$ cat run_14.json   # JSON, C-alpha atoms
[["chain", "number", "residue", "atom", "x", "y", "z"],
["E", 13, "MET", "CA", 14.08, 11.48, 5.87],
["E", 14, "ILE", "CA", 16.27, 9.10, 7.87],
["E", 15, "GLU", "CA", 14.28, 9.86, 11.04],
["E", 16, "LEU", "CA", 11.07, 8.99, 9.21],
["E", 17, "LEU", "CA", 12.62, 5.71, 8.01],
["E", 18, "ARG", "CA", 13.74, 4.93, 11.54],
["E", 19, "LYS", "CA", 10.33, 5.39, 13.11],
["E", 20, "ARG", "CA", 7.93, 4.09, 10.41],
["E", 21, "ARG", "CA", 6.36, 0.73, 11.17],
["E", 22, "SER", "CA", 3.42, -1.15, 9.74],
["E", 23, "VAL", "CA", 0.24, -0.25, 11.61],
["E", 24, "ARG", "CA", -2.67, -2.67, 11.65],
["E", 25, "LYS", "CA", -4.94, -1.04, 14.25],
["E", 26, "TYR", "CA", -6.63, 2.29, 13.61],
["E", 27, "THR", "CA", -8.90, 4.70, 15.45],
["E", 28, "ASP", "CA", -12.34, 5.59, 14.11],
["E", 29, "LYS", "CA", -11.17, 9.08, 13.16],
["E", 30, "PRO", "CA", -11.46, 9.76, 9.42],
["E", 31, "VAL", "CA", -8.43, 10.84, 7.42],
["E", 32, "GLU", "CA", -8.77, 14.55, 6.80],
["E", 33, "ASN", "CA", -9.34, 15.79, 3.23],
["E", 34, "GLU", "CA", -6.10, 17.80, 3.34],
["E", 35, "LYS", "CA", -4.14, 14.66, 4.22],
["E", 36, "ARG", "CA", -5.92, 12.65, 1.51],
["E", 37, "ALA", "CA", -4.94, 15.31, -1.02],
["E", 38, "ILE", "CA", -1.30, 15.10, 0.09],
["E", 39, "LEU", "CA", -1.32, 11.30, -0.07],
["E", 40, "SER", "CA", -2.76, 11.37, -3.58],
["E", 41, "GLU", "CA", -0.28, 14.00, -4.70],
["E", 42, "ALA", "CA", 2.59, 11.90, -3.34],
["E", 43, "LEU", "CA", 1.39, 8.92, -5.37],
["E", 44, "LEU", "CA", 1.24, 10.99, -8.54],
["E", 45, "ARG", "CA", 4.76, 12.30, -7.90],
["E", 46, "SER", "CA", 6.19, 8.79, -7.49],
["E", 47, "PRO", "CA", 9.12, 8.00, -9.76],
["E", 48, "SER", "CA", 8.59, 5.56, -12.60],
["E", 49, "SER", "CA", 10.79, 3.99, -15.22],
["E", 50, "ARG", "CA", 11.21, 6.34, -18.16],
["E", 51, "GLY", "CA", 8.45, 8.54, -16.71],
["E", 52, "LYS", "CA", 5.79, 6.23, -18.13],
["E", 53, "ASN", "CA", 3.62, 6.23, -14.98],
["E", 54, "PRO", "CA", 1.92, 2.86, -15.56],
["E", 55, "TRP", "CA", 0.26, 3.02, -12.15],
["E", 56, "GLU", "CA", -3.25, 4.04, -11.27],
["E", 57, "PHE", "CA", -4.81, 4.25, -7.83],
["E", 58, "ILE", "CA", -8.28, 3.72, -6.43],
["E", 59, "LEU", "CA", -8.95, 5.55, -3.16],
["E", 60, "VAL", "CA", -11.63, 3.67, -1.23],
["E", 61, "ASP", "CA", -13.32, 5.32, 1.74],
["E", 62, "ASP", "CA", -16.75, 3.70, 1.58],
["E", 63, "ARG", "CA", -16.96, 1.63, 4.80],
["E", 64, "GLU", "CA", -18.82, -1.25, 3.15],
["E", 65, "THR", "CA", -16.28, -1.48, 0.33],
["E", 66, "VAL", "CA", -13.36, -1.21, 2.76],
["E", 67, "ALA", "CA", -14.89, -4.13, 4.71],
["E", 68, "LYS", "CA", -15.14, -6.18, 1.50],
["E", 69, "LEU", "CA", -11.53, -5.32, 0.59],
["E", 70, "SER", "CA", -10.48, -6.63, 4.01],
["E", 71, "GLU", "CA", -11.63, -10.06, 2.81],
["E", 72, "ALA", "CA", -9.36, -10.07, -0.26],
["E", 73, "LYS", "CA", -6.92, -12.65, 1.11],
["E", 74, "LYS", "CA", -6.97, -15.83, 3.16],
["E", 75, "HIS", "CA", -4.51, -14.21, 5.57],
["E", 76, "GLY", "CA", -3.12, -10.74, 6.00],
["E", 77, "SER", "CA", -5.91, -8.41, 4.91],
["E", 78, "SER", "CA", -8.56, -8.54, 7.66],
["E", 79, "PHE", "CA", -7.02, -5.62, 9.58],
["E", 80, "ALA", "CA", -7.92, -3.32, 6.66],
["E", 81, "ARG", "CA", -11.52, -3.37, 7.94],
["E", 82, "GLY", "CA", -10.47, -0.83, 10.59],
["E", 83, "ALA", "CA", -8.69, 1.52, 8.18],
["E", 84, "ALA", "CA", -10.26, 4.86, 7.32],
["E", 85, "ILE", "CA", -9.12, 4.57, 3.70],
["E", 86, "VAL", "CA", -7.55, 2.01, 1.43],
["E", 87, "TYR", "CA", -5.60, 2.79, -1.71],
["E", 88, "VAL", "CA", -5.70, 0.02, -4.30],
["E", 89, "ILE", "CA", -2.63, 0.10, -6.53],
["E", 90, "ILE", "CA", -3.02, -1.16, -10.07],
["E", 91, "GLY", "CA", -0.63, -1.20, -13.01],
["E", 92, "ASP", "CA", -1.01, -1.20, -16.76],
["E", 93, "ARG", "CA", 1.60, -3.55, -18.19],
["E", 94, "ASP", "CA", 0.77, -2.26, -21.69],
["E", 95, "VAL", "CA", 2.18, 1.12, -20.65],
["E", 96, "SER", "CA", 5.41, -0.25, -19.20],
["E", 97, "ASP", "CA", 7.11, -3.58, -18.65],
["E", 98, "MET", "CA", 8.25, -2.11, -15.32],
["E", 99, "CYS", "CA", 4.75, -1.55, -13.91],
["E", 100, "VAL", "CA", 5.23, -3.93, -10.96],
["E", 101, "GLU", "CA", 8.37, -2.11, -9.89],
["E", 102, "ASP", "CA", 6.83, 1.32, -10.51],
["E", 103, "CYS", "CA", 3.75, 0.43, -8.48],
["E", 104, "SER", "CA", 5.95, -0.83, -5.65],
["E", 105, "ILE", "CA", 7.82, 2.49, -5.62],
["E", 106, "ALA", "CA", 4.48, 4.31, -5.46],
["E", 107, "ALA", "CA", 3.35, 2.14, -2.53],
["E", 108, "ALA", "CA", 6.57, 2.89, -0.63],
["E", 109, "THR", "CA", 6.11, 6.59, -1.35],
["E", 110, "LEU", "CA", 2.58, 6.33, 0.04],
["E", 111, "HIS", "CA", 3.79, 4.64, 3.25],
["E", 112, "TYR", "CA", 6.40, 7.28, 4.00],
["E", 113, "THR", "CA", 4.05, 10.12, 3.16],
["E", 114, "ALA", "CA", 1.42, 8.65, 5.50],
["E", 115, "ALA", "CA", 4.00, 8.41, 8.28],
["E", 116, "SER", "CA", 5.07, 12.01, 7.69],
["E", 117, "LEU", "CA", 1.44, 13.05, 8.23],
["E", 118, "GLY", "CA", 1.14, 11.12, 11.50],
["E", 119, "LEU", "CA", -0.91, 8.36, 9.89],
["E", 120, "GLY", "CA", -0.42, 4.62, 10.11],
["E", 121, "SER", "CA", -0.31, 2.34, 7.08],
["E", 122, "CYS", "CA", 0.22, -1.25, 6.11],
["E", 123, "TRP", "CA", 0.88, -2.99, 2.78],
["E", 124, "ILE", "CA", -1.44, -5.77, 1.61],
["E", 125, "GLN", "CA", 0.02, -7.86, -1.20],
["E", 126, "LEU", "CA", -2.55, -8.98, -3.79],
["E", 127, "ARG", "CA", -0.57, -10.14, -6.83],
["E", 128, "GLU", "CA", 0.07, -13.88, -6.64],
["E", 129, "ARG", "CA", -2.16, -14.23, -3.55],
["E", 130, "GLU", "CA", -5.48, -16.03, -2.98],
["E", 131, "LYS", "CA", -8.76, -15.06, -1.37],
["E", 132, "ASP", "CA", -9.75, -18.70, -1.07],
["E", 133, "ASP", "CA", -9.14, -22.02, -2.82],
["E", 134, "ARG", "CA", -11.10, -20.91, -5.89],
["E", 135, "THR", "CA", -10.46, -17.16, -6.14],
["E", 136, "LYS", "CA", -7.30, -15.15, -6.67],
["E", 137, "SER", "CA", -7.09, -11.96, -4.63],
["E", 138, "GLU", "CA", -6.52, -9.93, -7.79],
["E", 139, "ASP", "CA", -9.70, -11.27, -9.38],
["E", 140, "TYR", "CA", -11.77, -10.62, -6.26],
["E", 141, "VAL", "CA", -10.65, -6.97, -6.05],
["E", 142, "ARG", "CA", -10.93, -6.55, -9.82],
["E", 143, "ARG", "CA", -14.61, -7.60, -9.74],
["E", 144, "LEU", "CA", -15.39, -5.63, -6.59],
["E", 145, "LEU", "CA", -14.01, -2.35, -7.98],
["E", 146, "GLY", "CA", -14.70, -2.81, -11.71],
["E", 147, "ILE", "CA", -11.02, -2.88, -12.72],
["E", 148, "PRO", "CA", -10.43, -3.83, -16.38],
["E", 149, "ASP", "CA", -8.72, -7.17, -17.05],
["E", 150, "SER", "CA", -5.78, -5.44, -18.72],
["E", 151, "TYR", "CA", -4.59, -4.06, -15.35],
["E", 152, "LEU", "CA", -2.56, -5.91, -12.76],
["E", 153, "VAL", "CA", -4.06, -5.57, -9.29],
["E", 154, "LEU", "CA", -0.89, -5.42, -7.25],
["E", 155, "ALA", "CA", -1.52, -4.28, -3.71],
["E", 156, "MET", "CA", -3.59, -2.30, -1.26],
["E", 157, "VAL", "CA", -2.36, 0.10, 1.37],
["E", 158, "ALA", "CA", -4.59, 0.49, 4.42],
["E", 159, "ILE", "CA", -4.29, 3.92, 6.07],
["E", 160, "GLY", "CA", -5.75, 5.52, 9.16],
["E", 161, "HIS", "CA", -4.97, 7.26, 12.41],
["E", 162, "PRO", "CA", -2.95, 4.72, 14.41],
["E", 163, "ALA", "CA", -4.52, 3.10, 17.47],
["E", 164, "GLU", "CA", -1.16, 1.51, 18.21],
["E", 165, "ALA", "CA", 2.39, 2.80, 18.11],
["E", 166, "PRO", "CA", 4.81, -0.05, 17.40],
["E", 167, "GLU", "CA", 8.28, 0.71, 18.65],
["E", 168, "PRO", "CA", 10.88, 1.51, 16.02],
["E", 169, "HIS", "CA", 13.30, -1.28, 15.24],
["E", 170, "PRO", "CA", 16.55, -0.76, 17.16],
["E", 171, "ASP", "CA", 19.82, -0.34, 15.32],
["E", 172, "ASN", "CA", 20.88, -3.90, 16.15],
["E", 173, "TYR", "CA", 17.81, -5.15, 14.23],
["E", 174, "LEU", "CA", 19.40, -3.99, 10.98],
["E", 175, "GLN", "CA", 21.06, -6.72, 8.93],
["E", 176, "LYS", "CA", 24.21, -4.77, 8.23],
["E", 177, "ASN", "CA", 25.79, -7.84, 6.62],
["E", 178, "LYS", "CA", 23.41, -7.26, 3.68],
["E", 179, "ILE", "CA", 25.52, -4.29, 2.56],
["E", 180, "ARG", "CA", 28.59, -5.34, 0.64],
["E", 181, "LEU", "CA", 31.40, -3.14, -0.59],
["E", 182, "ASN", "CA", 32.37, -3.31, -4.26],
["E", 183, "ARG", "CA", 31.72, -7.06, -4.70],
["E", 184, "PHE", "CA", 29.59, -9.85, -3.34]]
$ encode --input "run_14.json" --output "structure tokens"
Amino acid sequence: MIELLRKRRSVRKYTDKPVENEKRAILSEALLRSPSSRGKNPWEFILVDDRETVAKLSEAKKHGSSFARGAAIVYVIIGDRDVSDMCVEDCSIAAATLHYTAASLGLGSCWIQLREREKDDRTKSEDYVRRLLGIPDSYLVLAMVAIGHPAEAPEPHPDNYLQKNKIRLNRF
């Protein structure tokens, strides 16, 4: 696992190759195996592979979502706060699980934050995606993860990139 953590980087450029069904099945299984507080599983996921819908999802934010247009698939991560008060955290764990699983399969991925973000001056990103995908109002629309075969291979961060001063022993 540490080698996977060392080499995984956000990928924003993808080839035109589709993500194989076997890999999609593994990605979806990984999401469903994600830990959650008290095993409540407040997350749900929408796998989008329709090119037109992926293109529309790439317009969900003013900045930081346009690269999704080139992804083969996009998982939209939503949470039901009525199921758990920890749905934001649980959905974040699921997204991290998805990233590392994608990397383990030789795929590239990148997180796209939606909660508390804006599409434009009049529209919240969450509302835009909610309308586009028919998501009920009771769900939080938290993030998207763009996934595809990488067309770039960002170098891993070197050891001296790590902020080792962020680890404290016993006390602050």
$ atom_distance --input "run_14.json" --atom1 "CA of Arg93 (chain E)" --atom2 "CA of Leu152 (chain E)"
7.2 Å
$ closest_atom_pairs --input "run_14.json" --of "region 33-122 of chain E" --to "region 155-166 of chain E" --cutoff "8 Å" --atoms "all atoms listed in the file" --output "CSV"
residue,atom,partner,partner_atom,distance
E:Ala80,CA,E:Ala158,CA,5.5
E:Ala83,CA,E:Gly160,CA,5.1
E:Ala84,CA,E:Gly160,CA,4.9
E:Ile85,CA,E:Ile159,CA,5.4
E:Val86,CA,E:Ala158,CA,4.5
E:Tyr87,CA,E:Val157,CA,5.2
E:Val88,CA,E:Met156,CA,4.4
E:Ile89,CA,E:Ala155,CA,5.3
E:Ile90,CA,E:Ala155,CA,7.2
E:Ala107,CA,E:Val157,CA,7.2
E:His111,CA,E:Val157,CA,7.9
E:Ala114,CA,E:Ile159,CA,7.4
E:Gly118,CA,E:His161,CA,7.3
E:Leu119,CA,E:His161,CA,4.9
E:Gly120,CA,E:Pro162,CA,5.0
E:Ser121,CA,E:Ile159,CA,4.4
E:Cys122,CA,E:Ala158,CA,5.4
$ residues_around --input "run_14.json" --residues "Ser116 (chain E)" --least-positions-apart "6" --cutoff "12 Å" --atoms "all atoms listed in the file" --output "VMD selection string"
chain E and resid 13 to 21 35 38 to 39 42 109 to 110
$ atom_distance --input "run_14.json" --atom1 "CA of Lys73 (chain E)" --atom2 "CA of Arg129 (chain E)"
6.8 Å
$ closest_residue --input "run_14.json" --among "E:Glu167, E:Thr65, E:Ser137, E:His75" --to "Ser22 (chain E)" --atoms "only C-alpha atoms"
E:Glu167
$ atom_distance --input "run_14.json" --atom1 "CA of Tyr151 (chain E)" --atom2 "CA of Asp92 (chain E)"
4.8 Å
